[in-house]
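All remarks here apply to the structure that follows.
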Amino acid sequence: MNRDLAAARDLAATVAAQAGRLQLERHDTLRVGAPKAHANDVVSDVDIASERLIVDAITAAWPGDAVQAEEGHGRDGTSGWMWVVDPLDGTRNYISRTGPWSVCVALYEGDQPRVAVVHEPVAGETFSAVDGGGAYLDDHPLTVTGGPSLDKALVGVSFQPNPATKERAAKVVRELLPVSGDIRRLPAALNLVYQAAGRLDGGLALDTNLWDIAAGALIAREAGVVLGGHGDDFTPELTIGAAPSLWPALSAVVRPVLVS
């Protein structure tokens with residue numbers, strides 16, 4: 001089944017920006033629900049409203065597509081295409097007003113990511129990519145061609161804040177911080193797109209979900225970021241990204257720490 005990928009990207013960017021505006025408008029009146037998987041896994045009524053807005057728009061445009069969405073508005077499909085939606089990546093930052101968050105939408109054809117959008121509401125920035133068509137920040141192309149040595153590199157770190165993953169993340173940070181320029185903790189999608197934009201030189205994400213990394217990973221890859229995990233392919237369990245010249249050194253520090 002043929003698909004106009006540019007049209008899909010434009011729709012994803014439009015609904016992501018709409019969700020971002022909703023999040024800004026409702027910041028002062030949000031209501032926080034009960035934790036999900038653990039005490040740090042929080043959700044607000046704004047997460048749910050944002051997801052409904054995005055999924056309703058996608059379903060209206062492509063009713064045969066499947067949807068995988070974090071807050072439960074997913075659906076089966078018949079077209080062979082699937083949308084992966086994280087309506088608010090960085091909910092804890094959003095609720096506490098302590099850092100950035102984003103709206104993430106990706107489109108898969110089978111197992112292949114084809115379109116990605118990550119929108120940062122506060123900055124008003126939209127990162128996007130089409131498979132084979134490059135990565136963009138708004139209308140500006142993104143290209144990563146090099147990188148500093150690890151001792152000068154700024155590295156993003158993302159992880160699920162459950163107790164077991166925090167233990168694993170602490171081991172990585174213990175090894176990485178002394179040998180890197182510095183680190184920043186960020187939600188996974190922004191970690192990846194900031195690498196695409198050259199704001200971070202590299203990064204890693206531990207124990208994420210597909211909706212956390214699907215959009216950011218395609219944007220990073222299209223910009224020239226090297227991605228991998230324990231092997232050549234990144235996974236939600238471990239995603240390592242870096243500028244090409246930094247990749248060998250960063251992966252050499254991270255991978256051994258996480259071998260079970």
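Convention: chains lettered A, B, ... in structure tokens order; per-chain residue numbering from 1; ligands numbered from 1 as shown.
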Just the strand (DSSP E) stuff from segment 96-242 of chain A, please, per backbone DSSP, written as a ChimeraX atom specification.
/A:102-109,112-120,125-130,135-137,140-142,154-159,182-185,202-206,226-228,238-242
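Contact shell of Val226 of chain A at 8 Å (only C-alpha atoms; same-chain neighbours under 6 positions omitted): A:Ala220, A:Gly241, A:Ala242, A:Ala243, A:Pro244, A:Trp247.
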Can you spit out the residues from that selection as a short mmCIF file (atom, residue, chain, number, x, y, z; two decimals), in the first residue's frame, using all heavy atoms?
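Dumped to again10.cif:
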```cif
data_model
loop_
_atom_site.label_atom_id
_atom_site.label_comp_id
_atom_site.auth_asym_id
_atom_site.auth_seq_id
_atom_site.Cartn_x
_atom_site.Cartn_y
_atom_site.Cartn_z
N ALA A 220 17.17 10.95 14.66
CA ALA A 220 18.61 10.88 14.91
C ALA A 220 19.33 10.15 13.78
O ALA A 220 20.37 10.61 13.28
CB ALA A 220 18.88 10.20 16.25
N GLY A 241 23.37 6.34 21.26
CA GLY A 241 23.53 7.17 20.07
C GLY A 241 24.75 8.05 20.22
O GLY A 241 25.10 8.46 21.34
N ALA A 242 25.40 8.36 19.10
CA ALA A 242 26.56 9.24 19.17
C ALA A 242 26.92 9.75 17.79
O ALA A 242 26.61 9.10 16.78
CB ALA A 242 27.77 8.53 19.78
N ALA A 243 27.57 10.90 17.76
CA ALA A 243 28.19 11.35 16.53
C ALA A 243 29.19 10.29 16.08
O ALA A 243 29.76 9.56 16.91
CB ALA A 243 28.90 12.68 16.77
N PRO A 244 29.41 10.15 14.76
CA PRO A 244 30.22 9.02 14.26
C PRO A 244 31.58 8.85 14.93
O PRO A 244 31.95 7.73 15.30
CB PRO A 244 30.36 9.34 12.77
CG PRO A 244 29.12 10.10 12.45
CD PRO A 244 28.83 10.95 13.66
N TRP A 247 31.18 7.50 18.63
CA TRP A 247 30.50 6.24 18.88
C TRP A 247 31.40 5.15 19.48
O TRP A 247 31.03 4.53 20.48
CB TRP A 247 29.83 5.73 17.60
CG TRP A 247 29.39 4.31 17.70
CD1 TRP A 247 30.03 3.21 17.23
CD2 TRP A 247 28.24 3.82 18.38
NE1 TRP A 247 29.34 2.06 17.55
CE2 TRP A 247 28.24 2.41 18.26
CE3 TRP A 247 27.19 4.44 19.06
CZ2 TRP A 247 27.24 1.62 18.80
CZ3 TRP A 247 26.20 3.64 19.61
CH2 TRP A 247 26.23 2.25 19.48
#
```
Separation of atom CA of Leu177 of chain A and atom CA of Gly99 of chain A, in Å?
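So the answer is 20.7 Å.
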Which residues come within 9 Å of Asp47 of chain A, counting only C-alpha atoms, excluding same-chain residues fewer than 5 positions away, as a ChimeraX atom specification?
/A:23,52,71,86-88,91
Resulting file, chosen residues, C-alpha atoms, as an mmCIF file, in the first residue's frame:
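And here's result.cif as it stands now:
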```
data_model
loop_
_atom_site.group_PDB
_atom_site.id
_atom_site.type_symbol
_atom_site.label_atom_id
_atom_site.label_comp_id
_atom_site.auth_asym_id
_atom_site.auth_seq_id
_atom_site.Cartn_x
_atom_site.Cartn_y
_atom_site.Cartn_z
ATOM 1 C CA GLN A 23 -0.436 21.134 27.277
ATOM 2 C CA ARG A 52 -7.037 11.384 22.467
ATOM 3 C CA GLU A 71 -2.120 5.940 27.633
ATOM 4 C CA ASP A 86 3.753 9.221 23.185
ATOM 5 C CA PRO A 87 1.520 12.219 23.865
ATOM 6 C CA LEU A 88 3.751 13.666 26.587
ATOM 7 C CA THR A 91 5.408 13.840 32.256
#
```
Work out how far apart atom CA of His230 of chain A and atom CA of Val259 of chain A are and give it in Å to one decimal.
8.2 Å
Could the residues of segment 47-164 of chain A that have an atom at most 6 Å from segment 14-20 of chain A be listed as a tab-separated table, each with its closest atom pair and the distance in Å to one decimal, counting only C-alpha atoms and ordered by chain and ascending residue number?
```
residue	atom	partner	partner_atom	distance
A:Ser50	CA	A:Ala19	CA	5.1
A:Ile54	CA	A:Val15	CA	5.7
A:Val103	CA	A:Ala16	CA	5.7
A:Pro121	CA	A:Gly20	CA	4.8
```
What separates atom CA of Asp139 of chain A and atom CA of Leu11 of chain A is a distance of 15.3 Å
Measuring atom to atom with only C-alpha atoms, identify which of A:Ala215, A:Ala189, A:Val179, A:Val43 is nearest to Lys152 of chain A.
A:Val179
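Distances to Ala205 of chain A were evaluated for A:Val130, A:Val32, A:Ala169, A:Leu176 using only C-alpha atoms, and the minimum falls at A:Ala169.
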Applying 7 Å and only C-alpha atoms, which residues near Gly228 of chain A remain after dropping the ones on its own chain fewer than 4 positions away? List them as a PDB file with N, CA, C and O atoms, in the first residue's frame.
```pdb
ATOM      1  N   ASP A 232      24.384  -4.342  17.029  1.00  0.00           N
ATOM      2  CA  ASP A 232      24.290  -3.298  16.012  1.00  0.00           C
ATOM      3  C   ASP A 232      22.971  -2.552  16.054  1.00  0.00           C
ATOM      4  O   ASP A 232      22.898  -1.407  15.604  1.00  0.00           O
ATOM      5  N   ASP A 233      21.924  -3.190  16.552  1.00  0.00           N
ATOM      6  CA  ASP A 233      20.601  -2.574  16.563  1.00  0.00           C
ATOM      7  C   ASP A 233      20.261  -2.061  17.954  1.00  0.00           C
ATOM      8  O   ASP A 233      20.491  -2.745  18.958  1.00  0.00           O
ATOM      9  N   PHE A 234      19.686  -0.863  18.008  1.00  0.00           N
ATOM     10  CA  PHE A 234      19.207  -0.348  19.282  1.00  0.00           C
ATOM     11  C   PHE A 234      17.896  -1.037  19.636  1.00  0.00           C
ATOM     12  O   PHE A 234      17.179  -1.545  18.763  1.00  0.00           O
ATOM     13  N   THR A 239      19.472   1.859  24.121  1.00  0.00           N
ATOM     14  CA  THR A 239      19.725   2.662  22.926  1.00  0.00           C
ATOM     15  C   THR A 239      20.913   3.551  23.203  1.00  0.00           C
ATOM     16  O   THR A 239      20.893   4.343  24.154  1.00  0.00           O
ATOM     17  N   ILE A 240      21.960   3.401  22.401  1.00  0.00           N
ATOM     18  CA  ILE A 240      23.129   4.275  22.478  1.00  0.00           C
ATOM     19  C   ILE A 240      23.200   5.050  21.166  1.00  0.00           C
ATOM     20  O   ILE A 240      23.095   4.464  20.089  1.00  0.00           O
ATOM     21  N   GLY A 241      23.373   6.343  21.258  1.00  0.00           N
ATOM     22  CA  GLY A 241      23.533   7.171  20.071  1.00  0.00           C
ATOM     23  C   GLY A 241      24.752   8.053  20.223  1.00  0.00           C
ATOM     24  O   GLY A 241      25.101   8.460  21.338  1.00  0.00           O
TER      25      GLY A 241
END
```
Run DSSP on the backbone and grab whatever in segment 8-154 of chain A lands in helix (DSSP H, G or I); send it over as a ChimeraX atom specification.
/A:8-25,27-29,45-61,91-96,150-152
Long-range neighbours of Asn191 of chain A as a PyMOL selection string, 8 Å cut-off, only C-alpha atoms, 4 positions minimum in chain:
chain A and resi 156-158+186-187+195+200+203-204+216
Go ahead and save the residues from that selection, with all heavy atoms, as a PDB file, in the first residue's frame.
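Output (result.pdb):
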```pdb
ATOM      1  N   GLY A 156      23.762  12.741  26.832  1.00  0.00           N
ATOM      2  CA  GLY A 156      22.441  12.650  27.440  1.00  0.00           C
ATOM      3  C   GLY A 156      22.200  11.275  28.035  1.00  0.00           C
ATOM      4  O   GLY A 156      22.628  10.262  27.479  1.00  0.00           O
ATOM      5  N   VAL A 157      21.494  11.240  29.152  1.00  0.00           N
ATOM      6  CA  VAL A 157      21.161   9.980  29.820  1.00  0.00           C
ATOM      7  C   VAL A 157      19.660   9.970  30.082  1.00  0.00           C
ATOM      8  O   VAL A 157      19.104  10.916  30.642  1.00  0.00           O
ATOM      9  CB  VAL A 157      21.928   9.819  31.151  1.00  0.00           C
ATOM     10  CG1 VAL A 157      21.504   8.543  31.866  1.00  0.00           C
ATOM     11  CG2 VAL A 157      23.435   9.829  30.908  1.00  0.00           C
ATOM     12  N   SER A 158      18.995   8.893  29.653  1.00  0.00           N
ATOM     13  CA  SER A 158      17.553   8.737  29.845  1.00  0.00           C
ATOM     14  C   SER A 158      17.295   7.353  30.417  1.00  0.00           C
ATOM     15  O   SER A 158      17.946   6.386  30.018  1.00  0.00           O
ATOM     16  CB  SER A 158      16.807   8.875  28.518  1.00  0.00           C
ATOM     17  OG  SER A 158      17.157  10.070  27.848  1.00  0.00           O
ATOM     18  N   LEU A 186      17.641  13.654  30.433  1.00  0.00           N
ATOM     19  CA  LEU A 186      16.561  14.159  29.596  1.00  0.00           C
ATOM     20  C   LEU A 186      15.567  13.046  29.289  1.00  0.00           C
ATOM     21  O   LEU A 186      15.941  11.865  29.316  1.00  0.00           O
ATOM     22  CB  LEU A 186      17.121  14.668  28.257  1.00  0.00           C
ATOM     23  CG  LEU A 186      17.974  15.925  28.267  1.00  0.00           C
ATOM     24  CD1 LEU A 186      18.767  16.002  26.968  1.00  0.00           C
ATOM     25  CD2 LEU A 186      17.088  17.150  28.422  1.00  0.00           C
ATOM     26  N   PRO A 187      14.326  13.388  28.969  1.00  0.00           N
ATOM     27  CA  PRO A 187      13.433  12.379  28.404  1.00  0.00           C
ATOM     28  C   PRO A 187      14.033  11.810  27.119  1.00  0.00           C
ATOM     29  O   PRO A 187      14.755  12.503  26.389  1.00  0.00           O
ATOM     30  CB  PRO A 187      12.148  13.169  28.116  1.00  0.00           C
ATOM     31  CG  PRO A 187      12.207  14.354  29.028  1.00  0.00           C
ATOM     32  CD  PRO A 187      13.654  14.697  29.123  1.00  0.00           C
ATOM     33  N   GLN A 195      20.661  15.083  19.955  1.00  0.00           N
ATOM     34  CA  GLN A 195      21.841  14.548  19.259  1.00  0.00           C
ATOM     35  C   GLN A 195      21.768  14.889  17.777  1.00  0.00           C
ATOM     36  O   GLN A 195      22.763  15.282  17.166  1.00  0.00           O
ATOM     37  CB  GLN A 195      21.923  13.041  19.454  1.00  0.00           C
ATOM     38  CG  GLN A 195      22.233  12.600  20.872  1.00  0.00           C
ATOM     39  CD  GLN A 195      22.149  11.097  21.024  1.00  0.00           C
ATOM     40  OE1 GLN A 195      22.796  10.351  20.293  1.00  0.00           O
ATOM     41  NE2 GLN A 195      21.360  10.635  21.976  1.00  0.00           N
ATOM     42  N   LEU A 200      23.629  17.711  21.860  1.00  0.00           N
ATOM     43  CA  LEU A 200      24.323  16.659  22.594  1.00  0.00           C
ATOM     44  C   LEU A 200      25.243  15.936  21.622  1.00  0.00           C
ATOM     45  O   LEU A 200      24.908  15.773  20.445  1.00  0.00           O
ATOM     46  CB  LEU A 200      23.336  15.657  23.198  1.00  0.00           C
ATOM     47  CG  LEU A 200      22.399  16.152  24.287  1.00  0.00           C
ATOM     48  CD1 LEU A 200      21.363  15.077  24.617  1.00  0.00           C
ATOM     49  CD2 LEU A 200      23.161  16.551  25.539  1.00  0.00           C
ATOM     50  N   GLY A 203      24.422   9.959  23.590  1.00  0.00           N
ATOM     51  CA  GLY A 203      23.450   9.708  24.638  1.00  0.00           C
ATOM     52  C   GLY A 203      23.118   8.239  24.752  1.00  0.00           C
ATOM     53  O   GLY A 203      23.495   7.416  23.911  1.00  0.00           O
ATOM     54  N   LEU A 204      22.412   7.892  25.816  1.00  0.00           N
ATOM     55  CA  LEU A 204      21.946   6.527  26.008  1.00  0.00           C
ATOM     56  C   LEU A 204      20.595   6.553  26.695  1.00  0.00           C
ATOM     57  O   LEU A 204      20.271   7.499  27.428  1.00  0.00           O
ATOM     58  CB  LEU A 204      22.938   5.706  26.822  1.00  0.00           C
ATOM     59  CG  LEU A 204      23.168   6.184  28.257  1.00  0.00           C
ATOM     60  CD1 LEU A 204      22.751   5.107  29.252  1.00  0.00           C
ATOM     61  CD2 LEU A 204      24.626   6.542  28.457  1.00  0.00           C
ATOM     62  N   GLY A 216      12.165   9.708  17.966  1.00  0.00           N
ATOM     63  CA  GLY A 216      13.494  10.293  18.120  1.00  0.00           C
ATOM     64  C   GLY A 216      14.576   9.504  17.424  1.00  0.00           C
ATOM     65  O   GLY A 216      15.526  10.077  16.869  1.00  0.00           O
TER      66      GLY A 216
END
```
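Between Ala252 of chain A and the residues A:Tyr94, A:Gly124, A:Asp201, A:Leu150, the shortest atom-to-atom distance, using only C-alpha atoms, involves A:Leu150.
Closest approach to Ala13 of chain A among A:Glu175, A:Asp182, A:Glu125, A:Glu167: A:Glu125, based on only C-alpha atoms.
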Per-residue nearest contacts of segment 151-201 of chain A to segment 113-118 of chain A (10 Å; only C-alpha atoms) as CSV:
```
residue,atom,partner,partner_atom,distance
A:Ala189,CA,A:Val118,CA,7.1
A:Leu190,CA,A:Val118,CA,7.8
A:Leu192,CA,A:Val118,CA,9.8
A:Val193,CA,A:Val118,CA,7.7
```
For Asp56 of chain A, list every protein, DNA or RNA residue within 12 Å, evaluated using only C-alpha atoms, and leave out those in the same chain fewer than 2 positions away; present the list as a PyMOL selection string.
chain A and resi 11-12+15+19+49-54+58-63+65+67+69+73-75+83+85
